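Below is one structure, written out as structure tokens; comments come after it.
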Protein chains: 4
Amino acid sequence: VGPEHSLDLGGIFPPLATPFSPMQEVDYAQLEGNLRRYAKVPFRGLVVLGSNGEYPYLAPRERLEVVSCVRRALPRDRLLLAGSGCESTQATIELTVNMAEAGADVALVVTPCYYRGAMTSATLVQHYTEVADASPIPVVLYSVPANTGLDLPLEAVLTLAQHPNIVGIKDSGGDITRMGLMVHKTRQEDFQVLAGSAGFLMASYALGASGGVCALANVLGAPLCQLDHLCRKGHWQEARDLQHRLIEPNTAVTRRFGIPGLKKAMEWFGYYGGPCRAPLAPLSPPQVEELRGAFSANGWL
Amino acid sequence: VGPEHSLDLGGIFPPLATPFSPMQEVDYAQLEGNLRRYAKVPFRGLVVLGSNGEYPYLAPRERLEVVSCVRRALPRDRLLLAGSGCESTQATIELTVNMAEAGADVALVVTPCYYRGAMTSATLVQHYTEVADASPIPVVLYSVPANTGLDLPLEAVLTLAQHPNIVGIKDSGGDITRMGLMVHKTRQEDFQVLAGSAGFLMASYALGASGGVCALANVLGAPLCQLDHLCRKGHWQEARDLQHRLIEPNTAVTRRFGIPGLKKAMEWFGYYGGPCRAPLAPLSPPQVEELRGAFSANGWL
Amino acid sequence: VGPEHSLDLGGIFPPLATPFSPMQEVDYAQLEGNLRRYAKVPFRGLVVLGSNGEYPYLAPRERLEVVSCVRRALPRDRLLLAGSGCESTQATIELTVNMAEAGADVALVVTPCYYRGAMTSATLVQHYTEVADASPIPVVLYSVPANTGLDLPLEAVLTLAQHPNIVGIKDSGGDITRMGLMVHKTRQEDFQVLAGSAGFLMASYALGASGGVCALANVLGAPLCQLDHLCRKGHWQEARDLQHRLIEPNTAVTRRFGIPGLKKAMEWFGYYGGPCRAPLAPLSPPQVEELRGAFSANGWL
Amino acid sequence: VGPEHSLDLGGIFPPLATPFSPMQEVDYAQLEGNLRRYAKVPFRGLVVLGSNGEYPYLAPRERLEVVSCVRRALPRDRLLLAGSGCESTQATIELTVNMAEAGADVALVVTPCYYRGAMTSATLVQHYTEVADASPIPVVLYSVPANTGLDLPLEAVLTLAQHPNIVGIKDSGGDITRMGLMVHKTRQEDFQVLAGSAGFLMASYALGASGGVCALANVLGAPLCQLDHLCRKGHWQEARDLQHRLIEPNTAVTRRFGIPGLKKAMEWFGYYGGPCRAPLAPLSPPQVEELRGAFSANGWL
């Protein structure tokens with residue numbers, strides 16, 4: 001048994017989609033409406049400005065306003081993780097500090113990636129160390145190779161897990177062997193592993209992950225919290241049946257149709273979805289139908 | 001609950017390394033020696049002439065002799081799977097028929113891959129259908145993208161799962177989301193999913209896989225059978241601890257050091273390893289040391 | 001013979017490295033110093049805030065100041081291309097308009113890439129069409145898969161080449177077959193193809209490219225202009241010998257050592273290099289030695 | 001100027017498609033018929049049993065018969081290159097020796113690739129050195145990453161170029177920067193570089209390649225020899241126009257439609273095409289139409 005964790009990240013976190021008005025302005029009223037509905041789901045907390053929050057499309061000022069808005073609406077017993085990663089170390093530090101002031105509990109810091117050929121393990125360790133040293137709030141690493149084209153190397157994760165202000169990783173790569181090894185090799189550290197997608201959530205729990213940050217939680221939050229519960233209780237057979245029914249919906253709102261698909265599906269379940277910012281384009285009618293099929297074929301619609 | 005399976009593939013199968021003499025001839029005496037030792041491990045059966053058997057380096061005649069040799073040594077209650085995949089459909093059929101005559105219970109058929117740009121889902125369905133139609137023994141599909149550069153598409157797997165003479169797949173890709181979806185979508189078929197590597201064995205079981213064909217079983221057969229047992233009994237916490245300790249040894253004898261590493265490690269555990277055929281080269285002394293570390297750091301040496 | 005080009009992009013453009021002080025502030029005095037030295041080289045123009053300008057590390061305000069600074073220093077007969085691509089369409093339009101006001105002659109617009117799974121050909125055509133419609137200055141497309149993980153699809157290029165305000169592409173992918181086909185299929189359009197790296201510059205000219213935007217031109221501007229000259233004059237044998245000597249230095253300042261290598265090499269040739277912004281790290285002494293060898297082995301040092 | 005070459009590889013070589021009867025047997029009469037037609041084209045020689053010859057689908061015995069058949073039909077002043085690469089070093093040596101006895105002038109040896117993770121530069125140098133040491137005829141290296149998933153590393157090429165019995169490389173990767181550097185770094189060796197596809201043939205010549213082994217030469221042999229001629233004479237403008245018109249047909253018979261496309265197109269130009277061996281499937285009618293369009297749109301049909 002490893003050490004106590006200074007901050008319990010156990011549970012499900014939806015990486016909030018950012019609602020936009022038809023004119024593509026951030027729609028804070030709709031954001032608050034969604035938050036009211038999410039309040040009834042036993043999430044451990046929320047992530048704002050992750051990949052599903054269209055963070056690359058928001059100006060720094062908008063990002064801070066979103067954090068403030070969510071902070072005001074969120075009960076204190078729910079954690080607020082805010083995406084603060086930028087390409088440069090300095091910009092990341094500044095945004096992290098500002099997000100802490102705006103009320104974020106934890107900074108979720110994506111790997112810088114534009115110069116991916118230069119992002120060696122040593123370079124990334126240096127980047128994250130400087131950010132974690134300067135951050136007034138704990139840092140969670142964020143590796144999402146589908147977007148960044150870059151996997152935070154395991155050796156970098158293991159080094160960074162020893163930093164007192166780095167408390168975990170959201171890993172969206174889906175390599176379950178790597179997930180298991182990360183849990184195993186950090187078992188003596190104050191460090192937790194979060195599955196970055198619902199497709200491999202149960203497998204991650206089986207290997208020892210603490211929780212999940214899952215796009216699908218924007219849509220099917222209660223079933224994902226139920227899956228979390230079943231895994232914690234050791235009801236693996238029921239968990240398996242539930243996990244099986246979540247894979248196709250999850251693929252549909254992530255790899256297959258991305259954020260436009262996620263926002264469309266949210267509307268079917270009582271949330272505000274709305275448009276994405278350009279260049280992300282709305283689904284075509286046949287795509288909407290295929291998306292719907294992924295939910296209905298698994299008993300969700 | 002799905003249908004009964006006509007052939008129970010539940011359990012662990014080592015994909016046997018093929019022993020060569022110092023002159024790189026197949027060494028049947030050493031093969032028989034290894035088989036005697038494996039007889040004490042509760043394997044469900046054996047695979048011969050999978051990737052770890054260096055099958056691309058064996059002439060068709062040698063491949064049949066290996067099958068015959070293993071068949072003679074193997075108790076009837078253990079299944080003998082034999083790799084019979086060739087690049088052309090016709091050659092695959094001929095070798096499959098011959099291997100059945102030589103005593104194979106099941107044909108393990110790797111995806112043809114040299115013209116991978118032309119290996120569409122439809123083309124692969126056609127190939128496997130012809131092979132399964134002609135084969136006197138059941139067929140297990142074999143997808144191993146690390147070697148073939150080709151993932152047997154999920155839609156092809158689902159179509160082929162309906163063929164009465166195709167009873168399963170060995171999937172070595174390690175995408176646990178795909179594994180779960182394969183189990184889910186074939187639950188009404190006479191079809192079983194086998195994990196192709198020990199790194200994601202427990203996760204595969206958690207998602208509903210039936211067994212595992214794991215290179216590491218050449219070395220650590222008993223612990224892998226123990227992991228199989230723990231998963232079947234629902235002892236997931238113990239299973240996790242055991243799985244964690246198997247990841248690094250597994251990586252060492254597969255992706256990191258390949259078959260030369262596997263054969264070297266076999267020697268430490270009482271089996272004959274010996275050389276590989278060229279161009280596969282023996283490990284350097286520092287590589288041997290790193291390999292050894294992967295076992296000793298996890299309590300196996 | 002195709003149509004006249006409304007804007008002649010024929011020749012060499014260095015994509016300027018952005019000089020930083022030891023405190024990582026933009027150093028405008030050093031920038032002006034470099035510009036004075038580049039004024040003696042017969043470049044067709046300059047690119048600011050391309051990948052080699054560390055544009056992802058500059059705030060929008062800094063980007064505009066750099067454009068203004070270079071505009072003031074640059075003779076009117078030299079073209080000023082400015083990188084104005086952002087992730088969102090709206091931000092790209094705003095920055096493009098602002099850069100035009102700051103004195104840019106042409107906007108160089110990189111493909112948005114964070115949501116690369118959603119960046120279909122149709123989506124990219126829509127994005128670039130909106131940008132080109134709104135831009136007061138001509139637009140050059142910019143495809144740089146090593147950084148973006150995304151190749152602007154050929155069919156998108158061919159569609160966009162018909163837009164009256166899109167006048168060319170900088171293609172850094174290095175696929176010479178694609179370069180030739182782009183020239184061939186746009187021969188009836190007001191559209192020019194620029195090679196995005198010195199490694200395939202001569203080959204691109206042989207296939208009909210108009211010019212080159214080459215990181216190496218920051219260091220070896222005169223030889224690259226000489227190579228341009230030899231190709232235009234049809235002195236292909238001399239061109240080949242020169243091209244051969246440029247490949248290793250070019251690889252060293254791009255793929256091998258990136259911008260830190262480029263800036264280090266600039267110092268050996270009389271320019272200010274200085275540090276990069278973090279997380280880009282300076283070269284180690286052995287790396288500097290290897291970099292130096294790439295120049296000296298080919299007779300440049 | 002480098003040394004004289006012991007064997008002149010300058011010119012165009014079609015990598016012969018292997019004709020099969022409707023029953024998928026090798027059709028030697030049709031092969032001889034094609035050879036009679038090819039005799040009128042000023043090729044430097046022929047390649048048999050390259051990738052386009054479906055060599056992985058031919059038994060060793062068939063491979064030797066094809067070599068013998070072509071040798072009998074081919075005038076002595078034309079070079080016969082025969083693909084003899086197998087996965088194991090020993091099998092490659094045996095097949096190379098047998099092909100030399102059957103009349104091959106040169107052995108074309110593809111990189112072994114099934115265990116690509118283990119095919120390090122050192123391993124490949126060792127493999128090729130053993131083969132070249134044992135071969136009674138000169139060896140040409142063969143790198144075709146689209147099929148093998150493996151690029152023969154440049155450092156391995158440079159080492160092997162010094163072997164007295166290795167006289168060149170067929171490089172099908174299409175990286176023109178690499179082609180130029182190979183020519184440059186082997187300029188002191190008895191070593192020639194052959195472009196492996198017609199798409200980048202002229203660019204390769206511009207950089208100093210000696211010739212080309214081009215699938216398209218099965219169909220458009222005369223135009224390719226004309227392109228070779230124009231490049232040698234320094235008529236680069238005419239060469240460019242011709243090269244431009246060859247890119248789309250070349251892509252159609254290689255990457256886009258593969259060998260089934262190649263064989264279909266051969267029939268339009270007076271050669272026997274016929275079926276491929278399974279699993280390679282014939283084109284659908286819409287594919288045939290698209291294939292035809294690639295030729296007609298460029299003035300070849």
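By order of appearance in the structure tokens: chains A, B, ..., then residues from 1 within every chain, and ligands from 1 in the order shown.
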Quiz prompt | Residue list for chain C near chain D as a PyMOL selection string, 7 Å, only C-alpha atoms | solution = chain C and resi 175-177+180-181+184+199-200+203+206-207+240+244+247
For the selection you just gave me, I'd like the residues written to a file as a PDB file, in the first residue's frame, keeping N, CA, C and O atoms.
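That gives us selection.pdb:
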```pdb
ATOM      1  N   ASP C 175       7.582  15.930 -49.890  1.00  0.00           N
ATOM      2  CA  ASP C 175       7.164  14.886 -50.830  1.00  0.00           C
ATOM      3  C   ASP C 175       7.236  15.470 -52.244  1.00  0.00           C
ATOM      4  O   ASP C 175       6.345  16.206 -52.677  1.00  0.00           O
ATOM      5  N   ILE C 176       8.285  15.130 -52.952  1.00  0.00           N
ATOM      6  CA  ILE C 176       8.549  15.793 -54.235  1.00  0.00           C
ATOM      7  C   ILE C 176       7.520  15.384 -55.296  1.00  0.00           C
ATOM      8  O   ILE C 176       7.224  16.172 -56.215  1.00  0.00           O
ATOM      9  N   THR C 177       6.972  14.215 -55.188  1.00  0.00           N
ATOM     10  CA  THR C 177       5.913  13.802 -56.113  1.00  0.00           C
ATOM     11  C   THR C 177       4.696  14.714 -55.955  1.00  0.00           C
ATOM     12  O   THR C 177       4.113  15.176 -56.947  1.00  0.00           O
ATOM     13  N   GLY C 180       5.454  18.180 -57.435  1.00  0.00           N
ATOM     14  CA  GLY C 180       5.319  18.199 -58.887  1.00  0.00           C
ATOM     15  C   GLY C 180       3.864  18.213 -59.313  1.00  0.00           C
ATOM     16  O   GLY C 180       3.477  18.941 -60.238  1.00  0.00           O
ATOM     17  N   LEU C 181       3.074  17.414 -58.629  1.00  0.00           N
ATOM     18  CA  LEU C 181       1.661  17.344 -59.002  1.00  0.00           C
ATOM     19  C   LEU C 181       0.940  18.657 -58.688  1.00  0.00           C
ATOM     20  O   LEU C 181       0.081  19.106 -59.457  1.00  0.00           O
ATOM     21  N   HIS C 184       1.785  20.990 -61.438  1.00  0.00           N
ATOM     22  CA  HIS C 184       1.115  20.547 -62.673  1.00  0.00           C
ATOM     23  C   HIS C 184      -0.367  20.897 -62.663  1.00  0.00           C
ATOM     24  O   HIS C 184      -0.898  21.435 -63.652  1.00  0.00           O
ATOM     25  N   GLY C 199      16.458  21.241 -48.090  1.00  0.00           N
ATOM     26  CA  GLY C 199      16.866  19.880 -48.442  1.00  0.00           C
ATOM     27  C   GLY C 199      16.325  19.436 -49.784  1.00  0.00           C
ATOM     28  O   GLY C 199      16.970  18.656 -50.501  1.00  0.00           O
ATOM     29  N   PHE C 200      15.153  19.914 -50.137  1.00  0.00           N
ATOM     30  CA  PHE C 200      14.558  19.526 -51.414  1.00  0.00           C
ATOM     31  C   PHE C 200      14.321  20.738 -52.307  1.00  0.00           C
ATOM     32  O   PHE C 200      13.447  20.723 -53.162  1.00  0.00           O
ATOM     33  N   ALA C 203      15.320  20.065 -56.163  1.00  0.00           N
ATOM     34  CA  ALA C 203      14.339  19.146 -56.742  1.00  0.00           C
ATOM     35  C   ALA C 203      13.014  19.871 -56.986  1.00  0.00           C
ATOM     36  O   ALA C 203      12.354  19.662 -58.008  1.00  0.00           O
ATOM     37  N   ALA C 206      13.342  21.912 -60.005  1.00  0.00           N
ATOM     38  CA  ALA C 206      13.306  21.053 -61.193  1.00  0.00           C
ATOM     39  C   ALA C 206      11.871  20.714 -61.566  1.00  0.00           C
ATOM     40  O   ALA C 206      11.537  20.615 -62.745  1.00  0.00           O
ATOM     41  N   LEU C 207      11.024  20.578 -60.561  1.00  0.00           N
ATOM     42  CA  LEU C 207       9.627  20.233 -60.819  1.00  0.00           C
ATOM     43  C   LEU C 207       8.760  21.456 -61.082  1.00  0.00           C
ATOM     44  O   LEU C 207       7.570  21.322 -61.366  1.00  0.00           O
ATOM     45  N   ARG C 240      23.417  20.998 -58.705  1.00  0.00           N
ATOM     46  CA  ARG C 240      23.448  19.741 -57.968  1.00  0.00           C
ATOM     47  C   ARG C 240      24.589  19.705 -56.959  1.00  0.00           C
ATOM     48  O   ARG C 240      24.403  19.290 -55.813  1.00  0.00           O
ATOM     49  N   HIS C 244      23.943  19.385 -52.992  1.00  0.00           N
ATOM     50  CA  HIS C 244      24.493  18.276 -52.208  1.00  0.00           C
ATOM     51  C   HIS C 244      25.147  18.763 -50.921  1.00  0.00           C
ATOM     52  O   HIS C 244      24.995  18.151 -49.865  1.00  0.00           O
ATOM     53  N   ILE C 247      22.585  19.778 -47.900  1.00  0.00           N
ATOM     54  CA  ILE C 247      21.615  18.882 -47.270  1.00  0.00           C
ATOM     55  C   ILE C 247      21.940  18.639 -45.797  1.00  0.00           C
ATOM     56  O   ILE C 247      21.081  18.774 -44.919  1.00  0.00           O
TER      57      ILE C 247
END
```
Quiz item: Neighbours of stretch 264-273 of chain B within 9 Å (only C-alpha atoms; same-chain residues fewer than 4 positions away dropped), as an MDAnalysis selection string?
Solution: chainID B and resid 17:20 30:31 33:34 37 218:220 253 259:260 282:283 288 291:292 295 301
Could you dump the residues just selected with N, CA, C and O atoms as a PDB file, in the first residue's frame?
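Printed below is part_11.pdb as written:
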```pdb
ATOM      1  N   ALA B  17       8.832 -20.616 -28.539  1.00  0.00           N
ATOM      2  CA  ALA B  17      10.060 -20.297 -29.277  1.00  0.00           C
ATOM      3  C   ALA B  17      10.564 -21.581 -29.927  1.00  0.00           C
ATOM      4  O   ALA B  17      10.452 -22.660 -29.345  1.00  0.00           O
ATOM      5  N   THR B  18      11.076 -21.484 -31.132  1.00  0.00           N
ATOM      6  CA  THR B  18      11.616 -22.651 -31.819  1.00  0.00           C
ATOM      7  C   THR B  18      13.100 -22.785 -31.477  1.00  0.00           C
ATOM      8  O   THR B  18      13.881 -21.868 -31.772  1.00  0.00           O
ATOM      9  N   PRO B  19      13.503 -23.890 -30.856  1.00  0.00           N
ATOM     10  CA  PRO B  19      14.922 -24.028 -30.480  1.00  0.00           C
ATOM     11  C   PRO B  19      15.790 -24.348 -31.697  1.00  0.00           C
ATOM     12  O   PRO B  19      15.426 -25.200 -32.534  1.00  0.00           O
ATOM     13  N   PHE B  20      16.898 -23.649 -31.793  1.00  0.00           N
ATOM     14  CA  PHE B  20      17.881 -23.943 -32.842  1.00  0.00           C
ATOM     15  C   PHE B  20      19.176 -24.371 -32.195  1.00  0.00           C
ATOM     16  O   PHE B  20      19.541 -23.903 -31.104  1.00  0.00           O
ATOM     17  N   GLN B  30      15.913 -30.499 -28.043  1.00  0.00           N
ATOM     18  CA  GLN B  30      15.696 -29.407 -27.093  1.00  0.00           C
ATOM     19  C   GLN B  30      14.230 -29.004 -27.065  1.00  0.00           C
ATOM     20  O   GLN B  30      13.697 -28.642 -26.014  1.00  0.00           O
ATOM     21  N   LEU B  31      13.588 -29.054 -28.198  1.00  0.00           N
ATOM     22  CA  LEU B  31      12.159 -28.753 -28.237  1.00  0.00           C
ATOM     23  C   LEU B  31      11.401 -29.719 -27.316  1.00  0.00           C
ATOM     24  O   LEU B  31      10.549 -29.304 -26.510  1.00  0.00           O
ATOM     25  N   GLY B  33      12.613 -31.369 -24.843  1.00  0.00           N
ATOM     26  CA  GLY B  33      12.984 -31.062 -23.460  1.00  0.00           C
ATOM     27  C   GLY B  33      12.136 -29.929 -22.901  1.00  0.00           C
ATOM     28  O   GLY B  33      11.604 -30.009 -21.779  1.00  0.00           O
ATOM     29  N   ASN B  34      12.003 -28.884 -23.680  1.00  0.00           N
ATOM     30  CA  ASN B  34      11.158 -27.777 -23.222  1.00  0.00           C
ATOM     31  C   ASN B  34       9.714 -28.240 -23.015  1.00  0.00           C
ATOM     32  O   ASN B  34       9.062 -27.859 -22.040  1.00  0.00           O
ATOM     33  N   ARG B  37       9.111 -29.837 -19.758  1.00  0.00           N
ATOM     34  CA  ARG B  37       8.995 -28.875 -18.652  1.00  0.00           C
ATOM     35  C   ARG B  37       7.654 -28.142 -18.695  1.00  0.00           C
ATOM     36  O   ARG B  37       7.019 -27.908 -17.671  1.00  0.00           O
ATOM     37  N   ASN B 218       6.494 -18.494 -22.228  1.00  0.00           N
ATOM     38  CA  ASN B 218       7.665 -19.345 -22.432  1.00  0.00           C
ATOM     39  C   ASN B 218       8.585 -19.311 -21.220  1.00  0.00           C
ATOM     40  O   ASN B 218       9.368 -20.235 -21.019  1.00  0.00           O
ATOM     41  N   VAL B 219       8.534 -18.210 -20.474  1.00  0.00           N
ATOM     42  CA  VAL B 219       9.457 -17.981 -19.370  1.00  0.00           C
ATOM     43  C   VAL B 219       8.752 -18.141 -18.027  1.00  0.00           C
ATOM     44  O   VAL B 219       9.203 -18.863 -17.159  1.00  0.00           O
ATOM     45  N   LEU B 220       7.658 -17.403 -17.872  1.00  0.00           N
ATOM     46  CA  LEU B 220       6.918 -17.360 -16.610  1.00  0.00           C
ATOM     47  C   LEU B 220       5.536 -17.969 -16.789  1.00  0.00           C
ATOM     48  O   LEU B 220       4.516 -17.326 -16.562  1.00  0.00           O
ATOM     49  N   VAL B 253      10.854  -8.970 -23.050  1.00  0.00           N
ATOM     50  CA  VAL B 253      10.987 -10.124 -23.963  1.00  0.00           C
ATOM     51  C   VAL B 253      10.160  -9.944 -25.240  1.00  0.00           C
ATOM     52  O   VAL B 253      10.113 -10.848 -26.074  1.00  0.00           O
ATOM     53  N   ILE B 259      12.737 -11.676 -29.721  1.00  0.00           N
ATOM     54  CA  ILE B 259      12.960 -13.106 -29.509  1.00  0.00           C
ATOM     55  C   ILE B 259      14.346 -13.391 -28.943  1.00  0.00           C
ATOM     56  O   ILE B 259      14.480 -14.274 -28.090  1.00  0.00           O
ATOM     57  N   PRO B 260      15.397 -12.676 -29.340  1.00  0.00           N
ATOM     58  CA  PRO B 260      16.680 -12.919 -28.679  1.00  0.00           C
ATOM     59  C   PRO B 260      16.597 -12.711 -27.163  1.00  0.00           C
ATOM     60  O   PRO B 260      17.213 -13.462 -26.393  1.00  0.00           O
ATOM     61  N   PRO B 282      22.076 -11.917 -31.309  1.00  0.00           N
ATOM     62  CA  PRO B 282      22.059 -12.083 -29.850  1.00  0.00           C
ATOM     63  C   PRO B 282      22.205 -10.734 -29.144  1.00  0.00           C
ATOM     64  O   PRO B 282      22.694  -9.769 -29.728  1.00  0.00           O
ATOM     65  N   LEU B 283      21.757 -10.692 -27.899  1.00  0.00           N
ATOM     66  CA  LEU B 283      21.877  -9.458 -27.128  1.00  0.00           C
ATOM     67  C   LEU B 283      23.333  -9.180 -26.784  1.00  0.00           C
ATOM     68  O   LEU B 283      24.132 -10.097 -26.607  1.00  0.00           O
ATOM     69  N   VAL B 288      21.726  -7.764 -22.022  1.00  0.00           N
ATOM     70  CA  VAL B 288      21.409  -8.884 -21.132  1.00  0.00           C
ATOM     71  C   VAL B 288      21.188  -8.387 -19.710  1.00  0.00           C
ATOM     72  O   VAL B 288      20.246  -8.808 -19.019  1.00  0.00           O
ATOM     73  N   LEU B 291      17.873  -6.694 -19.501  1.00  0.00           N
ATOM     74  CA  LEU B 291      16.843  -7.736 -19.513  1.00  0.00           C
ATOM     75  C   LEU B 291      16.712  -8.374 -18.143  1.00  0.00           C
ATOM     76  O   LEU B 291      15.603  -8.543 -17.613  1.00  0.00           O
ATOM     77  N   ARG B 292      17.858  -8.704 -17.570  1.00  0.00           N
ATOM     78  CA  ARG B 292      17.848  -9.341 -16.252  1.00  0.00           C
ATOM     79  C   ARG B 292      17.210  -8.429 -15.214  1.00  0.00           C
ATOM     80  O   ARG B 292      16.430  -8.873 -14.363  1.00  0.00           O
ATOM     81  N   PHE B 295      13.473  -8.558 -14.871  1.00  0.00           N
ATOM     82  CA  PHE B 295      12.963  -9.687 -14.093  1.00  0.00           C
ATOM     83  C   PHE B 295      13.276  -9.531 -12.605  1.00  0.00           C
ATOM     84  O   PHE B 295      12.408  -9.739 -11.760  1.00  0.00           O
ATOM     85  N   LEU B 301      13.684 -12.930 -10.257  1.00  0.00           N
ATOM     86  CA  LEU B 301      15.040 -13.499 -10.218  1.00  0.00           C
ATOM     87  C   LEU B 301      15.721 -13.009  -8.944  1.00  0.00           C
ATOM     88  O   LEU B 301      15.438 -11.895  -8.496  1.00  0.00           O
TER      89      LEU B 301
END
```
Exercise. Please provide the set of residues having any atom within 10 Å of A:Ser143, restricted to only C-alpha atoms, with same-chain residues fewer than 3 positions apart removed, written as a PyMOL selection string.
Key: chain A and resi 108-112+140+146-153+157+169-173+196
Practice problem: Within 8 Å of stretch 50-61 of chain A, counting only C-alpha atoms, which residues show up once you throw out same-chain ones fewer than 6 positions away? Write them as a list of chain:residue names, please. | Solution: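 Once the nearby chain positions are removed, what remains is A:Pro15, A:Leu16, A:Ala17, A:Thr18, A:Ala82, A:Gly83, A:Leu95, A:Leu108, A:Ala215, A:Ile259, A:Cys276, A:Arg277, C:Glu87, C:Ser88, C:Ala91, C:Tyr114.
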Practice problem: Just give me the gap between atom CA of D:Asp105 and atom CA of D:Leu49 in Å, one decimal is fine. | Solution: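 Computing the Euclidean distance for atom CA of D:Asp105 and atom CA of D:Leu49 yields 13.5 Å.
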Practice problem: Mind listing the strand (DSSP E or B) residues of stretch 21-158 of chain C, per DSSP on the backbone, as a list in words? | Solution: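 Selecting the strand (DSSP E or B) positions of stretch 21-158 of chain C gives Val26, Gly45, Leu46, Val47, Val48, Leu79, Leu80, Leu81, Ala82, Gly83, Val106, Ala107, Leu108, Val109, Val110, Val139, Val140, Leu141, Tyr142 and Ser143 of chain C.
Atom CA of C:Thr186 is positioned 23.2 Å from atom CA of D:Glu289.
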Quiz item: Excluding same-chain residues fewer than 4 positions from A:Asp190, what lies within 8 Å of it counting only C-alpha atoms, as a PyMOL selection string?
Solution: chain A and resi 3-6+161-162+164+167-168+186
Using all heavy atoms, can you write the selected residues to a file as a short mmCIF file (atom, residue, chain, number, x, y, z; two decimals), in the first residue's frame?
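And here is the file that came out, result.cif:
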```cif
data_model
loop_
_atom_site.label_atom_id
_atom_site.label_comp_id
_atom_site.auth_asym_id
_atom_site.auth_seq_id
_atom_site.Cartn_x
_atom_site.Cartn_y
_atom_site.Cartn_z
N PRO A 3 1.45 5.60 -0.17
CA PRO A 3 1.18 6.69 0.78
C PRO A 3 -0.24 7.20 0.59
O PRO A 3 -0.88 6.99 -0.43
CB PRO A 3 2.20 7.74 0.38
CG PRO A 3 2.40 7.51 -1.09
CD PRO A 3 2.24 6.05 -1.31
N GLU A 4 -0.72 7.88 1.59
CA GLU A 4 -1.97 8.63 1.45
C GLU A 4 -1.79 9.67 0.34
O GLU A 4 -0.70 10.19 0.13
CB GLU A 4 -2.30 9.35 2.75
CG GLU A 4 -2.68 8.41 3.88
CD GLU A 4 -3.96 7.66 3.57
OE1 GLU A 4 -4.99 8.32 3.38
OE2 GLU A 4 -3.90 6.41 3.49
N HIS A 5 -2.86 9.97 -0.33
CA HIS A 5 -2.79 11.04 -1.32
C HIS A 5 -3.24 12.35 -0.69
O HIS A 5 -4.25 12.40 0.02
CB HIS A 5 -3.68 10.70 -2.52
CG HIS A 5 -3.16 9.53 -3.30
ND1 HIS A 5 -3.93 8.45 -3.62
CD2 HIS A 5 -1.93 9.26 -3.78
CE1 HIS A 5 -3.20 7.56 -4.29
NE2 HIS A 5 -1.98 8.03 -4.40
N SER A 6 -2.47 13.39 -0.95
CA SER A 6 -2.78 14.69 -0.35
C SER A 6 -4.09 15.24 -0.90
O SER A 6 -4.76 16.04 -0.25
CB SER A 6 -1.63 15.65 -0.62
OG SER A 6 -1.40 15.75 -2.01
N ALA A 161 6.55 12.46 -11.19
CA ALA A 161 5.68 11.98 -10.10
C ALA A 161 6.30 12.25 -8.74
O ALA A 161 5.60 12.28 -7.72
CB ALA A 161 5.40 10.49 -10.27
N GLN A 162 7.61 12.44 -8.70
CA GLN A 162 8.28 12.71 -7.44
C GLN A 162 8.20 14.17 -7.02
O GLN A 162 8.58 14.52 -5.89
CB GLN A 162 9.75 12.30 -7.55
CG GLN A 162 9.92 10.83 -7.92
CD GLN A 162 11.35 10.48 -8.25
OE1 GLN A 162 12.28 10.97 -7.62
NE2 GLN A 162 11.55 9.63 -9.25
N PRO A 164 6.72 17.38 -5.49
CA PRO A 164 5.66 17.48 -4.48
C PRO A 164 4.41 18.21 -4.97
O PRO A 164 3.34 18.02 -4.40
CB PRO A 164 6.34 18.28 -3.35
CG PRO A 164 7.54 18.91 -3.96
CD PRO A 164 7.97 18.03 -5.08
N VAL A 167 0.56 15.94 -8.81
CA VAL A 167 -0.23 14.96 -8.06
C VAL A 167 -0.87 13.89 -8.95
O VAL A 167 -1.55 13.01 -8.44
CB VAL A 167 -1.33 15.65 -7.24
CG1 VAL A 167 -0.71 16.61 -6.23
CG2 VAL A 167 -2.33 16.38 -8.14
N GLY A 168 -0.68 13.99 -10.26
CA GLY A 168 -1.29 12.96 -11.09
C GLY A 168 -1.11 13.21 -12.57
O GLY A 168 -0.43 14.15 -12.99
N THR A 186 4.63 4.20 -9.63
CA THR A 186 4.43 5.38 -8.79
C THR A 186 3.70 5.02 -7.51
O THR A 186 3.18 5.90 -6.82
CB THR A 186 3.62 6.46 -9.54
OG1 THR A 186 2.31 5.93 -9.86
CG2 THR A 186 4.30 6.90 -10.82
#
```
